[in-house]
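Shown here: structure-v5.txt, compact mmCIF, N, CA and C atoms.
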# COMPACT_ATOMS: atom_id res chain seq x y z
N MET A 1 0.82 -1.18 0.00
CA MET A 1 0.00 0.00 0.00
C MET A 1 0.88 1.26 0.00
N PHE A 2 1.87 1.28 0.83
CA PHE A 2 2.78 2.41 0.89
C PHE A 2 3.50 2.59 -0.44
N ASN A 3 3.78 1.49 -1.07
CA ASN A 3 4.45 1.50 -2.35
C ASN A 3 3.57 2.14 -3.43
N LEU A 4 2.27 1.90 -3.39
CA LEU A 4 1.35 2.49 -4.35
C LEU A 4 1.27 4.01 -4.19
N ILE A 5 1.29 4.48 -2.96
CA ILE A 5 1.20 5.92 -2.69
C ILE A 5 2.45 6.63 -3.21
N THR A 6 3.63 6.07 -2.97
CA THR A 6 4.85 6.70 -3.46
C THR A 6 4.92 6.67 -4.98
N THR A 7 4.42 5.59 -5.60
CA THR A 7 4.41 5.50 -7.05
C THR A 7 3.46 6.56 -7.62
N ALA A 8 2.28 6.71 -7.05
CA ALA A 8 1.32 7.71 -7.51
C ALA A 8 1.88 9.11 -7.31
N TYR A 9 2.55 9.34 -6.19
CA TYR A 9 3.15 10.64 -5.91
C TYR A 9 4.25 10.96 -6.92
N ALA A 10 5.04 10.00 -7.26
CA ALA A 10 6.13 10.20 -8.21
C ALA A 10 5.60 10.50 -9.60
N GLU A 11 4.54 9.80 -9.98
CA GLU A 11 3.94 10.04 -11.29
C GLU A 11 3.31 11.43 -11.35
N SER A 12 2.66 11.85 -10.28
CA SER A 12 2.04 13.17 -10.29
C SER A 12 3.09 14.27 -10.29
N GLY A 13 4.23 14.04 -9.70
CA GLY A 13 5.30 15.02 -9.71
C GLY A 13 5.87 15.23 -11.10
N SER A 14 6.05 14.18 -11.85
CA SER A 14 6.57 14.32 -13.21
C SER A 14 5.52 14.95 -14.13
N ALA A 15 4.26 14.68 -13.88
CA ALA A 15 3.19 15.29 -14.69
C ALA A 15 3.08 16.77 -14.40
N ALA A 16 3.36 17.17 -13.17
CA ALA A 16 3.28 18.58 -12.81
C ALA A 16 4.36 19.39 -13.52
N THR A 17 5.54 18.84 -13.66
CA THR A 17 6.59 19.57 -14.36
C THR A 17 6.27 19.70 -15.83
N THR A 18 5.67 18.70 -16.43
CA THR A 18 5.29 18.79 -17.83
C THR A 18 4.17 19.81 -18.01
N ALA A 19 3.21 19.84 -17.12
CA ALA A 19 2.09 20.77 -17.23
C ALA A 19 2.55 22.21 -17.03
N SER A 20 3.50 22.43 -16.15
CA SER A 20 3.94 23.80 -15.93
C SER A 20 4.67 24.33 -17.15
N GLY A 21 5.37 23.50 -17.89
CA GLY A 21 6.02 23.93 -19.13
C GLY A 21 4.99 24.29 -20.18
N GLY A 22 3.90 23.57 -20.23
CA GLY A 22 2.82 23.86 -21.16
C GLY A 22 2.06 25.11 -20.75
N GLY A 23 2.02 25.41 -19.47
CA GLY A 23 1.35 26.59 -18.96
C GLY A 23 2.04 27.87 -19.39
N MET A 24 3.35 27.83 -19.46
CA MET A 24 4.10 29.02 -19.88
C MET A 24 3.82 29.36 -21.34
N SER A 25 3.72 28.33 -22.17
CA SER A 25 3.45 28.61 -23.58
C SER A 25 2.04 29.16 -23.78
N SER A 26 1.08 28.68 -23.00
CA SER A 26 -0.28 29.21 -23.14
C SER A 26 -0.36 30.65 -22.62
N ILE A 27 0.38 30.97 -21.57
CA ILE A 27 0.42 32.35 -21.08
C ILE A 27 1.05 33.25 -22.13
N LEU A 28 2.10 32.77 -22.75
CA LEU A 28 2.77 33.53 -23.81
C LEU A 28 1.81 33.78 -24.98
N MET A 29 1.03 32.78 -25.35
CA MET A 29 0.06 32.94 -26.44
C MET A 29 -1.00 33.99 -26.09
N ILE A 30 -1.44 34.00 -24.84
CA ILE A 30 -2.44 34.99 -24.41
C ILE A 30 -1.86 36.39 -24.49
N VAL A 31 -0.61 36.56 -24.08
CA VAL A 31 0.04 37.87 -24.14
C VAL A 31 0.18 38.32 -25.59
N VAL A 32 0.55 37.41 -26.48
CA VAL A 32 0.67 37.74 -27.91
C VAL A 32 -0.69 38.15 -28.48
N MET A 33 -1.74 37.44 -28.12
CA MET A 33 -3.09 37.78 -28.59
C MET A 33 -3.52 39.16 -28.10
N LEU A 34 -3.23 39.49 -26.85
CA LEU A 34 -3.57 40.81 -26.33
C LEU A 34 -2.80 41.90 -27.06
N ALA A 35 -1.54 41.65 -27.38
CA ALA A 35 -0.75 42.64 -28.12
C ALA A 35 -1.33 42.85 -29.51
N ILE A 36 -1.75 41.78 -30.17
CA ILE A 36 -2.35 41.90 -31.50
C ILE A 36 -3.64 42.70 -31.43
N PHE A 37 -4.49 42.41 -30.45
CA PHE A 37 -5.73 43.16 -30.29
C PHE A 37 -5.45 44.64 -30.05
N TYR A 38 -4.45 44.93 -29.24
CA TYR A 38 -4.12 46.32 -28.95
C TYR A 38 -3.72 47.06 -30.21
N PHE A 39 -2.80 46.49 -30.99
CA PHE A 39 -2.29 47.20 -32.16
C PHE A 39 -3.26 47.22 -33.33
N LEU A 40 -4.13 46.23 -33.45
CA LEU A 40 -5.06 46.20 -34.58
C LEU A 40 -6.43 46.81 -34.28
N LEU A 41 -6.85 46.82 -33.03
CA LEU A 41 -8.20 47.30 -32.72
C LEU A 41 -8.21 48.53 -31.80
N ILE A 42 -7.56 48.46 -30.69
CA ILE A 42 -7.68 49.49 -29.67
C ILE A 42 -6.94 50.77 -30.06
N ARG A 43 -5.70 50.65 -30.48
CA ARG A 43 -4.89 51.84 -30.80
C ARG A 43 -5.47 52.65 -31.96
N PRO A 44 -5.86 52.03 -33.09
CA PRO A 44 -6.46 52.84 -34.17
C PRO A 44 -7.76 53.53 -33.75
N GLU A 45 -8.55 52.87 -32.92
CA GLU A 45 -9.80 53.48 -32.46
C GLU A 45 -9.51 54.70 -31.58
N ASN A 46 -8.50 54.61 -30.75
CA ASN A 46 -8.13 55.76 -29.91
C ASN A 46 -7.64 56.93 -30.77
N LYS A 47 -6.92 56.64 -31.86
CA LYS A 47 -6.46 57.70 -32.77
C LYS A 47 -7.65 58.39 -33.42
N ARG A 48 -8.65 57.60 -33.86
CA ARG A 48 -9.84 58.19 -34.49
C ARG A 48 -10.59 59.07 -33.51
N LYS A 49 -10.72 58.62 -32.27
CA LYS A 49 -11.41 59.41 -31.25
C LYS A 49 -10.67 60.73 -31.00
N LYS A 50 -9.35 60.67 -30.96
CA LYS A 50 -8.56 61.87 -30.72
C LYS A 50 -8.71 62.86 -31.87
N GLN A 51 -8.70 62.37 -33.12
CA GLN A 51 -8.90 63.23 -34.28
C GLN A 51 -10.28 63.89 -34.25
N ALA A 52 -11.31 63.12 -33.91
CA ALA A 52 -12.66 63.66 -33.86
C ALA A 52 -12.77 64.72 -32.78
N GLU A 53 -12.15 64.50 -31.64
CA GLU A 53 -12.19 65.48 -30.55
C GLU A 53 -11.46 66.77 -30.95
N GLU A 54 -10.33 66.64 -31.65
CA GLU A 54 -9.61 67.83 -32.12
C GLU A 54 -10.45 68.61 -33.13
N MET A 55 -11.13 67.88 -34.02
CA MET A 55 -11.98 68.52 -35.03
C MET A 55 -13.12 69.28 -34.34
N ARG A 56 -13.73 68.67 -33.35
CA ARG A 56 -14.84 69.33 -32.65
C ARG A 56 -14.38 70.52 -31.83
N SER A 57 -13.20 70.44 -31.26
CA SER A 57 -12.73 71.55 -30.44
C SER A 57 -12.23 72.71 -31.30
N SER A 58 -11.90 72.46 -32.55
CA SER A 58 -11.40 73.53 -33.42
C SER A 58 -12.52 74.22 -34.22
N LEU A 59 -13.77 73.91 -33.92
CA LEU A 59 -14.89 74.55 -34.61
C LEU A 59 -14.93 76.04 -34.29
N LYS A 60 -15.32 76.82 -35.28
CA LYS A 60 -15.50 78.25 -35.05
C LYS A 60 -16.73 78.72 -35.80
N LYS A 61 -17.20 79.87 -35.45
CA LYS A 61 -18.39 80.46 -36.05
C LYS A 61 -18.17 80.65 -37.55
N GLY A 62 -19.14 80.21 -38.36
CA GLY A 62 -19.05 80.36 -39.81
C GLY A 62 -18.60 79.09 -40.52
N ASP A 63 -18.10 78.08 -39.80
CA ASP A 63 -17.70 76.82 -40.42
C ASP A 63 -18.94 76.08 -40.93
N TRP A 64 -18.75 75.34 -42.01
CA TRP A 64 -19.81 74.48 -42.53
C TRP A 64 -19.56 73.08 -42.01
N LEU A 65 -20.63 72.37 -41.63
CA LEU A 65 -20.46 71.02 -41.11
C LEU A 65 -21.62 70.13 -41.49
N THR A 66 -21.36 68.84 -41.37
CA THR A 66 -22.39 67.82 -41.57
C THR A 66 -22.48 67.00 -40.29
N THR A 67 -23.69 66.79 -39.80
CA THR A 67 -23.86 65.99 -38.59
C THR A 67 -23.83 64.52 -38.95
N ILE A 68 -23.78 63.67 -37.93
CA ILE A 68 -23.78 62.24 -38.19
C ILE A 68 -25.12 61.76 -38.74
N GLY A 69 -26.14 62.59 -38.58
CA GLY A 69 -27.46 62.26 -39.13
C GLY A 69 -27.66 62.78 -40.54
N GLY A 70 -26.68 63.56 -41.07
CA GLY A 70 -26.76 64.04 -42.44
C GLY A 70 -27.25 65.47 -42.58
N VAL A 71 -27.47 66.18 -41.48
CA VAL A 71 -27.92 67.57 -41.55
C VAL A 71 -26.71 68.44 -41.87
N TYR A 72 -26.85 69.34 -42.85
CA TYR A 72 -25.75 70.18 -43.32
C TYR A 72 -26.08 71.63 -43.02
N GLY A 73 -25.13 72.35 -42.45
CA GLY A 73 -25.39 73.75 -42.15
C GLY A 73 -24.15 74.50 -41.72
N ARG A 74 -24.36 75.80 -41.44
CA ARG A 74 -23.28 76.71 -41.05
C ARG A 74 -23.37 76.97 -39.55
N VAL A 75 -22.22 76.96 -38.87
CA VAL A 75 -22.18 77.17 -37.43
C VAL A 75 -22.53 78.62 -37.10
N VAL A 76 -23.50 78.80 -36.18
CA VAL A 76 -23.94 80.13 -35.76
C VAL A 76 -23.38 80.45 -34.38
N SER A 77 -23.45 79.50 -33.47
CA SER A 77 -22.90 79.72 -32.13
C SER A 77 -22.41 78.39 -31.56
N ILE A 78 -21.46 78.51 -30.62
CA ILE A 78 -20.85 77.32 -30.02
C ILE A 78 -20.81 77.50 -28.51
N THR A 79 -21.18 76.45 -27.78
CA THR A 79 -20.99 76.43 -26.33
C THR A 79 -20.05 75.27 -26.02
N ASP A 80 -19.87 74.99 -24.74
CA ASP A 80 -18.96 73.90 -24.36
C ASP A 80 -19.44 72.55 -24.87
N ARG A 81 -20.75 72.32 -24.83
CA ARG A 81 -21.28 71.00 -25.20
C ARG A 81 -22.10 71.01 -26.48
N THR A 82 -22.60 72.17 -26.91
CA THR A 82 -23.51 72.20 -28.06
C THR A 82 -23.03 73.14 -29.15
N VAL A 83 -23.62 72.94 -30.34
CA VAL A 83 -23.36 73.78 -31.50
C VAL A 83 -24.72 74.11 -32.11
N VAL A 84 -24.94 75.38 -32.46
CA VAL A 84 -26.16 75.79 -33.14
C VAL A 84 -25.78 76.04 -34.59
N ILE A 85 -26.51 75.36 -35.51
CA ILE A 85 -26.23 75.55 -36.94
C ILE A 85 -27.45 76.10 -37.64
N GLU A 86 -27.20 76.83 -38.70
CA GLU A 86 -28.25 77.39 -39.56
C GLU A 86 -28.26 76.53 -40.82
N THR A 87 -29.42 75.94 -41.11
CA THR A 87 -29.47 74.94 -42.18
C THR A 87 -29.90 75.49 -43.52
N SER A 88 -30.51 76.65 -43.57
CA SER A 88 -30.97 77.15 -44.87
C SER A 88 -31.03 78.67 -44.86
N GLU A 89 -31.43 79.22 -45.98
CA GLU A 89 -31.57 80.67 -46.08
C GLU A 89 -32.75 81.19 -45.28
N ASP A 90 -33.63 80.29 -44.88
CA ASP A 90 -34.79 80.67 -44.07
C ASP A 90 -34.41 80.89 -42.61
N ARG A 91 -33.13 80.80 -42.31
CA ARG A 91 -32.58 80.99 -40.97
C ARG A 91 -33.13 79.97 -39.97
N VAL A 92 -33.31 78.74 -40.44
CA VAL A 92 -33.72 77.66 -39.56
C VAL A 92 -32.50 77.26 -38.74
N ARG A 93 -32.63 77.30 -37.43
CA ARG A 93 -31.50 77.01 -36.56
C ARG A 93 -31.79 75.76 -35.74
N LEU A 94 -30.79 74.88 -35.68
CA LEU A 94 -30.90 73.65 -34.93
C LEU A 94 -29.72 73.55 -33.97
N GLU A 95 -29.98 73.02 -32.79
CA GLU A 95 -28.92 72.86 -31.80
C GLU A 95 -28.57 71.38 -31.69
N PHE A 96 -27.28 71.07 -31.77
CA PHE A 96 -26.79 69.70 -31.68
C PHE A 96 -25.70 69.61 -30.62
N LEU A 97 -25.53 68.43 -30.07
CA LEU A 97 -24.37 68.18 -29.22
C LEU A 97 -23.14 68.12 -30.11
N LYS A 98 -21.99 68.48 -29.56
CA LYS A 98 -20.76 68.44 -30.34
C LYS A 98 -20.45 67.01 -30.79
N SER A 99 -20.88 66.04 -30.01
CA SER A 99 -20.61 64.65 -30.37
C SER A 99 -21.40 64.21 -31.61
N ALA A 100 -22.40 65.01 -32.03
CA ALA A 100 -23.20 64.67 -33.20
C ALA A 100 -22.60 65.21 -34.49
N ILE A 101 -21.44 65.87 -34.41
CA ILE A 101 -20.82 66.43 -35.61
C ILE A 101 -20.03 65.34 -36.31
N GLY A 102 -20.29 65.16 -37.61
CA GLY A 102 -19.61 64.12 -38.37
C GLY A 102 -18.40 64.63 -39.11
N GLN A 103 -18.55 65.71 -39.89
CA GLN A 103 -17.47 66.25 -40.70
C GLN A 103 -17.57 67.77 -40.73
N VAL A 104 -16.42 68.42 -40.89
CA VAL A 104 -16.38 69.87 -40.98
C VAL A 104 -15.88 70.24 -42.36
N GLY A 105 -16.50 71.26 -42.97
CA GLY A 105 -16.12 71.72 -44.30
C GLY A 105 -17.32 71.74 -45.21
N THR A 106 -17.19 72.44 -46.35
CA THR A 106 -18.29 72.48 -47.31
C THR A 106 -18.45 71.11 -47.94
N LEU A 107 -19.56 70.90 -48.60
CA LEU A 107 -19.80 69.60 -49.23
C LEU A 107 -18.73 69.30 -50.26
N ASP A 108 -18.28 70.33 -51.01
CA ASP A 108 -17.22 70.12 -51.99
C ASP A 108 -15.92 69.71 -51.32
N GLU A 109 -15.57 70.36 -50.22
CA GLU A 109 -14.35 70.02 -49.50
C GLU A 109 -14.43 68.60 -48.93
N GLN A 110 -15.59 68.23 -48.41
CA GLN A 110 -15.76 66.89 -47.85
C GLN A 110 -15.65 65.84 -48.95
N ALA A 111 -16.24 66.11 -50.13
CA ALA A 111 -16.15 65.16 -51.23
C ALA A 111 -14.71 65.03 -51.72
N ALA A 112 -14.00 66.16 -51.78
CA ALA A 112 -12.60 66.13 -52.21
C ALA A 112 -11.74 65.35 -51.21
N ALA A 113 -12.03 65.50 -49.92
CA ALA A 113 -11.28 64.76 -48.90
C ALA A 113 -11.53 63.27 -49.02
N MET A 114 -12.76 62.90 -49.33
CA MET A 114 -13.08 61.48 -49.50
C MET A 114 -12.36 60.91 -50.70
N GLN A 115 -12.28 61.67 -51.79
CA GLN A 115 -11.59 61.20 -52.99
C GLN A 115 -10.10 61.11 -52.75
N ARG A 116 -9.53 62.06 -52.02
CA ARG A 116 -8.09 62.01 -51.72
C ARG A 116 -7.77 60.77 -50.91
N GLY A 117 -8.63 60.43 -50.00
CA GLY A 117 -8.41 59.23 -49.18
C GLY A 117 -8.39 57.98 -50.03
N GLY A 118 -9.25 57.90 -51.04
CA GLY A 118 -9.29 56.75 -51.93
C GLY A 118 -8.16 56.75 -52.94
N LYS A 119 -7.68 57.93 -53.32
CA LYS A 119 -6.64 58.03 -54.33
C LYS A 119 -5.25 57.75 -53.78
N LYS A 120 -5.07 57.85 -52.46
CA LYS A 120 -3.75 57.59 -51.88
C LYS A 120 -3.29 56.18 -52.20
N ALA A 121 -4.19 55.23 -52.10
CA ALA A 121 -3.83 53.85 -52.39
C ALA A 121 -3.62 53.66 -53.90
N LYS A 122 -4.37 54.40 -54.70
CA LYS A 122 -4.27 54.25 -56.15
C LYS A 122 -3.04 54.94 -56.71
N LYS A 123 -2.48 55.93 -56.00
CA LYS A 123 -1.30 56.63 -56.49
C LYS A 123 -0.11 55.70 -56.62
N GLU A 124 -0.03 54.70 -55.77
CA GLU A 124 1.08 53.78 -55.80
C GLU A 124 1.06 52.94 -57.07
N GLU A 125 -0.11 52.69 -57.60
CA GLU A 125 -0.23 51.94 -58.84
C GLU A 125 0.11 52.86 -60.01
N ALA A 126 0.52 52.27 -61.13
CA ALA A 126 0.81 53.06 -62.32
C ALA A 126 -0.49 53.61 -62.89
N PRO A 127 -0.51 54.88 -63.29
CA PRO A 127 -1.74 55.43 -63.85
C PRO A 127 -2.05 54.80 -65.20
N ALA A 128 -3.28 54.47 -65.40
CA ALA A 128 -3.69 53.86 -66.66
C ALA A 128 -3.89 54.94 -67.71
N GLU A 129 -3.54 54.62 -68.94
CA GLU A 129 -3.73 55.57 -70.03
C GLU A 129 -5.19 55.59 -70.43
N VAL A 130 -5.68 56.77 -70.68
CA VAL A 130 -7.07 56.92 -71.07
C VAL A 130 -7.15 56.91 -72.59
N GLU A 131 -7.96 56.02 -73.12
CA GLU A 131 -8.13 55.93 -74.56
C GLU A 131 -9.32 56.77 -74.99
N ALA A 132 -9.21 57.35 -76.17
CA ALA A 132 -10.32 58.11 -76.71
C ALA A 132 -11.42 57.13 -77.11
N PRO A 133 -12.66 57.51 -76.93
CA PRO A 133 -13.74 56.60 -77.30
C PRO A 133 -13.74 56.37 -78.80
N LYS A 134 -13.96 55.12 -79.15
CA LYS A 134 -13.98 54.76 -80.57
C LYS A 134 -15.31 55.19 -81.18
N ALA A 135 -15.24 55.51 -82.46
CA ALA A 135 -16.47 55.89 -83.16
C ALA A 135 -17.37 54.67 -83.25
N GLU A 136 -18.62 54.91 -83.04
CA GLU A 136 -19.55 53.79 -83.06
C GLU A 136 -19.73 53.31 -84.49
N SER A 137 -19.68 52.02 -84.65
CA SER A 137 -19.91 51.46 -85.99
C SER A 137 -21.40 51.29 -86.18
N PRO A 138 -21.85 51.49 -87.40
CA PRO A 138 -23.28 51.35 -87.63
C PRO A 138 -23.71 49.90 -87.40
N VAL A 139 -24.82 49.78 -86.76
CA VAL A 139 -25.34 48.46 -86.45
C VAL A 139 -26.30 48.05 -87.55
N GLU A 140 -26.09 46.86 -88.06
CA GLU A 140 -26.99 46.36 -89.11
C GLU A 140 -28.26 45.86 -88.46
N GLU A 141 -29.32 46.29 -89.03
CA GLU A 141 -30.59 45.83 -88.51
C GLU A 141 -31.02 44.63 -89.34
N THR A 142 -31.37 43.61 -88.67
CA THR A 142 -31.83 42.41 -89.38
C THR A 142 -33.34 42.35 -89.25
N LYS A 143 -33.93 42.00 -90.36
CA LYS A 143 -35.37 41.93 -90.37
C LYS A 143 -35.80 40.51 -90.03
N VAL A 144 -36.62 40.43 -89.06
CA VAL A 144 -37.11 39.12 -88.65
C VAL A 144 -38.46 38.93 -89.31
N GLU A 145 -38.55 37.83 -90.05
CA GLU A 145 -39.81 37.53 -90.72
C GLU A 145 -40.71 36.83 -89.75
N GLU A 146 -41.92 37.32 -89.78
CA GLU A 146 -42.90 36.72 -88.88
C GLU A 146 -43.67 35.69 -89.68
N THR A 147 -43.83 34.57 -89.11
CA THR A 147 -44.62 33.53 -89.78
C THR A 147 -45.99 33.49 -89.16
N LYS A 148 -46.95 33.54 -90.02
CA LYS A 148 -48.32 33.51 -89.53
C LYS A 148 -48.88 32.13 -89.79
N THR A 149 -49.51 31.66 -88.82
CA THR A 149 -50.14 30.34 -88.96
C THR A 149 -51.57 30.55 -89.43
N GLU A 150 -51.90 29.78 -90.40
CA GLU A 150 -53.27 29.89 -90.91
C GLU A 150 -54.17 28.95 -90.16
N GLU A 151 -55.35 29.42 -89.93
CA GLU A 151 -56.30 28.63 -89.19
C GLU A 151 -57.17 27.82 -90.08
What does the file become when written as structure tokens?
Amino acid sequence: MFNLITTAYAESGSAATTASGGGMSSILMIVVMLAIFYFLLIRPENKRKKQAEEMRSSLKKGDWLTTIGGVYGRVVSITDRTVVIETSEDRVRLEFLKSAIGQVGTLDEQAAAMQRGGKKAKKEEAPAEVEAPKAESPVEETKVEETKTEE
């Protein structure tokens, strides 16, 4: 009986050393996964938040903006938390929280910024040559004969 206990104890001791070596590799894998999540998800999101906060804090009277809901207008007044915009020539004024501001600039400037963002990746590629449109060739019309069935 005593012999069985020492044998079981010896076997469990060797298994414990093997398991602890495997534990270190799993801890290392968890640390690597957390680092990947940080650099691919958390850090870029923090950069976007910081840019949006800078954009909102740099607003001034007379700027044109678009809200996240799609309302477009000119800034009339600014407080710490809100912005009042004028949406049309009828002097319709709406008050929004600063967090509801999506983009700053005229519609043309916003469209140009969107195109610049898409063109940055395309600039690396060689520009394609634009061919002049070819003259259209006349299309031959074919006459389809209709067959009538007699009754």
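Summary of the local environment: counting only C-alpha atoms, residues at most 10 Å from Ile101 (chain A), other than itself and those fewer than 3 positions away along its chain, are Ala52, Met55, Arg56, Leu65, Thr66, Thr67, Ile68, Gly69, Gly70, Val71, Tyr72, Thr82, Val83, Phe96, Leu97, Lys98 and Val104 of chain A.
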Around all listed atoms of region 99-118 of chain A, padded 6 Å per side, what centre and edge lengths does the axis-aligned box have in Å to one decimal, as lines of an AutoDock Vina configuration file?
center_x = -15.5
center_y = 64.6
center_z = -41.5
size_x = 27.4
size_y = 27.7
size_z = 35.0
Tell me, in Å to one decimal, how far CA of Arg81 (chain A) is from CA of Gly62 (chain A).
17.5 Å
Which residue, A:Ser99, A:Ser77, A:Lys47, A:Arg93, has the smallest gap to Lys60 (chain A) when you use only C-alpha atoms?
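For Lys60 (chain A), the nearest of the candidates is A:Ser77.
In this model, the gap between CA of Leu107 (chain A) and CA of Arg43 (chain A) comes to 29.6 Å.
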Atomic distance CA of Arg91 (chain A) - CA of Ser58 (chain A), expressed in Å with one decimal:
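Value for the CA of Arg91 (chain A)-CA of Ser58 (chain A) distance: 23.7 Å.
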